[in-house]
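Chemist: Sharing a structure with you now.
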2 protein chains.
Amino acid sequence: MNPFSAQRDQTIAALGETALLRHIRSWLGSATPPPPFGMGDDVSVLPPETFAPARGRVLITVDGVSWGQHFDAGASPQQAGRKLVNRNLSDIAAMGGVPGPAVCALQAGPDLRLDWLEGFTRGMAEACLGAGVALAGGDLAGADSGSFSSFLTLTGTAERPVPRTGSQPGDWIGVTGPLGGSILGRHLDFAPRLREGQWLAGCTEVVAMMDLSDGLGKDLPTFLTEETCALLDPAKIPLSPACRELAGRTGKNELAHALNDGEDHKLLFTLRIADGDGRGEEALTAFQNAYRKAIGTECRMIGRIAATSQPHEAGRLLQKGTHKPLGGSGFEHFINQR
Amino acid sequence: MNPFSAQRDQTIAALGETALLRHIRSWLGSATPPPPFGMGDDVSVLPPETFAPARGRVLITVDGVSWGQHFDAGASPQQAGRKLVNRNLSDIAAMGGVPGPAVCALQAGPDLRLDWLEGFTRGMAEACLGAGVALAGGDLAGADSGSFSSFLTLTGTAERPVPRTGSQPGDWIGVTGPLGGSILGRHLDFAPRLREGQWLAGCTEVVAMMDLSDGLGKDLPTFLTEETCALLDPAKIPLSPACRELAGRTGKNELAHALNDGEDHKLLFTLRIADGDGRGEEALTAFQNAYRKAIGTECRMIGRIAATSQPHEAGRLLQKGTHKPLGGSGFEHFINQR
């Protein structure tokens with residue numbers, strides 16, 4: 001759906017800010033808490049128990065969606081609103097966190113359709129309610145005609161926030177689901193992996209974790225150092241049905257899509273399992289069985305972190321055995337405009 | 001300064017996201033904390049003492065600046081960066097809060113000049129460091145050429161957050177400084193009134209508080225209900241030198257500018273002082289003396305909240321004595337594009 005209209009009576013300019021805020025509050029419904037915790041003051045005041053020390057460390061993240069960058073007329077406004085919330089939830093999931101309250105900044109041209117904004121707001125509210133997120137406040141700002149963007153700042157808590165750093169040679173590399181081809185639709189309708197992230201953070205064997213937003217080829221190197229590389233078994237990288245379908249259309253090979261397509265939002269993690277007594281494989285299988293039992297899906301081990309003294313190998317994805325380079329650059333913001 | 005360039009080698013597109021993040025981190029310097037608290041992971045993890053219960057309630061607010069809306073080529077990039085931080089600090093001041101960590105979302109076209117972004121980031125860092133704000137993380141996103149906007153989410157704490165609600169007939173209406181004419185420069189270089197806000201929140205007589213961002217004529221009504229109005233003494237509304245200068249240029253009267261110009265960022269508050277024993281005026285003078293002694297400037301009482309049963313008076317600014325309507329609509333986003 002096109003978010004903009006040349007007929008002024010269909011747009012937000014017909015209402016002005018004060019009336020628009022009233023509408024937004026009603027569209028959000030129970031996703032925005034009643035005063036004094038909700039919208040309507042200079043800042044939002046959070047309930048005292050929000051960051052109680054027993055809940056662990058406080059997390060904060062910000063991510064946005066923009067017309068023409070993260071969605072287009074092929075997306076419904078509800079999908080765009082859900083995507084905004086789910087992108088942020090995925091970041092909280094990547095730390096093993098439990099989401100907390102959020103605030104939202106919205107920037108729109110005067111020609112934004114009122115019914116489009118209603119759909120966007122209701123989509124956002126739906127995703128917030130589903131994850132127990134209170135939309136505590138925000139900001140409305142004007143912009144040039146034909147432009148819309150919205151940024152959500154999401155808080156959270158985590159007993160053991162799992163960073164991206166700390167992986168060492170020998171650590172296994174795991175993913176929580178199949179990769180590739182998200183552009184065929186999943187990039188709009190993905191589920192943030194909160195339950196998976198919380199379960200993984202509860203396992204002391206899990207060293208590092210992140211969500212796959214820019215593609216395995218660009219994201220996995222953030223786990224690596226100047227002295228490590230990732231040795232992957234391409235046959236073990238799980239491919240989504242959309243990956244196969246997209247490869248059929250583009251003529252590129254499936255692995256290239258699994259490595260380079262962004263917005264998979266599966267979790268990538270490393271796992272440290274002692275090889276002592278030669279029982280490493282057994283412990284790994286036990287971990288995967290426990291994961292399947294808790295989550296109901298498979299987590300796949302796609303390779304291991306390895307030491308390297310070769311500058312051309314450091315920080316890279318290599319094929320296990322041959323050490324042939326794998327993967328491309330993933331998605332580079334500002335260079336590849338999405 | 002114009003933020004954009006057609007020469008690619010002067011722009012952020014010449015660097016790409018990864019290198020750009022490295023630059024931003026170095027420009028921020030000590031305004032961004034070292035890992036694990038700073039940039040570089042899926043989310044920012046805040047130091048455990050950030051929201052210690054002894055610090056009071058947790059505050060969160062978001063506000064942005066955009067090219068063409070909040071600043072233009074007449075602003076230096078440093079001014080634009082400082083303005084982003086100071087707008088948010090002013091909101092925390094309006095609650096009587098102490099600022100905490102922040103995250104920043106930045107959205108820019110590929111043609112954004114690298115030296116402009118450096119200036120903007122250094123301006124932001126300077127304002128953060130001045131207020132003790134740690135820039136804990138953020139997000140970089142692409143946008144159409146020729147566009148730049150940035151949203152800062154700022155946290156804080158307050159022992160007694162002062163809301164906008166609760167004013168009653170008889171309450172005095174005060175402002176912390178002179179109004180009007182901010183467009184002549186102060187809108188870029190204003191000081192957030194943190195010390196004033198904290199001092200006022202410490203006085204139990206202060207009932208409601210906000211910062212003047214859209215103009216007295218639009219902001220003061222948010223203190224009013226369907227049963228109250230504000231009776232103002234126009235002669236007591238303090239006029240800034242810029243207000244007089246601007247009125248000289250526009251030909252409008254000074255009071256109209258003091259009532260309708262936005263972005264003053266002075267604090268507006270109501271004060272409940274018992275009139276018992278006819279010593280109300282004495283107590284009011286004592287309050288103003290204590291304010292002068294603590295802050296070093298004057299706070300001015302410009303009128304009082306009054307009860308009204310007249311629907312055309314409710315929620316309005318009226319002249320004391322004559323009940324003649326005062327003030328206009330202030331700044332309406334989406335209708336008056338700034």
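Quick note on naming: the chains in the structure tokens go A, B, ... in the order shown, residues restart at 1 in each chain, and ligands are numbered from 1 in order of appearance.
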Report as an NGL selection string all protein, DNA and RNA residues lying within 9 Å of Ala247 (chain B), evaluated on only C-alpha atoms, omitting residues in the same chain fewer than 5 positions from it.

Modeler: :B and (181 or 242 or 252-257)

Chemist: Enumerate, as JSON, numbers by chain, the complete set of residues in region 54-105 of chain A that a backbone-based DSSP assignment places in alpha helix (DSSP H).

Modeler: {"A": [77, 78, 79, 80, 81, 82, 83, 84, 85, 86, 87, 88, 89, 90, 91, 92, 93]}

Chemist: Which one of A:Pro325, A:Gly142, A:Pro35, A:Gly119 sits closest to chain B if you count only C-alpha atoms?

Modeler: A:Gly142

Chemist: Please measure the separation of CA of Ala93 (chain B) and CA of Gly197 (chain B), giving the value in Å to one decimal.

Modeler: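 Separation between CA of Ala93 (chain B) and CA of Gly197 (chain B): 4.8 Å.
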
Chemist: Contacts from chain A to chain B, 8 Å maximum, only C-alpha atoms: show me the residue list as an NGL selection string.

Modeler: :A and (12-14 or 16-18 or 36 or 41-48 or 51-53 or 57-64 or 66 or 69 or 91-92 or 94-95 or 103-105 or 109-110 or 137-143 or 151 or 153 or 161 or 163-164 or 210-211 or 332-335 or 337-338)

Chemist: List the spatial neighbours of region 228-235 of chain B as a list of chain:residue names - criterion: any atom at most 8 Å away, only C-alpha atoms, same-chain residues fewer than 5 positions off excluded.

Modeler: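 Everything that qualifies: B:Gln168, B:Pro169, B:Pro221, B:Leu255, B:Ile302, B:Gly303, B:Arg304, B:Ile305, B:Ala306, B:Ala307, B:Thr308, B:Glu313, B:Ala314, B:Gly315, B:Arg316, B:Leu317, B:Leu318, B:Gln319, B:Lys320, B:His323.
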
Chemist: Grab the CA of Cys203 (chain B) to CA of Cys299 (chain B) distance for me, in Å with one decimal place.

Modeler: 13.8 Å

Chemist: DSSP on the backbone, then: every residue of region 158-240 of chain B marked strand (DSSP E or B), written as number ranges by chain.

Modeler: B: 158, 172-175, 179, 206-211, 228-232, 239

Chemist: Provide the CA of Leu267 (chain A) to CA of Thr176 (chain A) distance in Å, to one decimal place.

Modeler: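 Taking CA of Leu267 (chain A) as the start and CA of Thr176 (chain A) as the end point, the length is 5.4 Å.
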
Chemist: Quick one: residues within 9 Å of Ala294 (chain A), only C-alpha atoms counted, chain neighbours fewer than 5 positions away excluded, as a PDB file with C-alpha atoms, in the first residue's frame?

Modeler:
ATOM      1  CA  GLU A 196      15.619 -19.353  21.837  1.00  0.00           C
ATOM      2  CA  TRP A 199      17.281 -20.580  26.585  1.00  0.00           C
ATOM      3  CA  ASN A 289      18.739 -32.730  22.112  1.00  0.00           C
TER       4      ASN A 289
END

Chemist: Which residue gives the smallest distance to Leu114 (chain A) among A:Thr250, A:Gln310, A:Pro77, A:Gly174, with only C-alpha atoms counted?

Modeler: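 Between A:Thr250, A:Gln310, A:Pro77, A:Gly174, the residue approaching Leu114 (chain A) most closely is A:Pro77.
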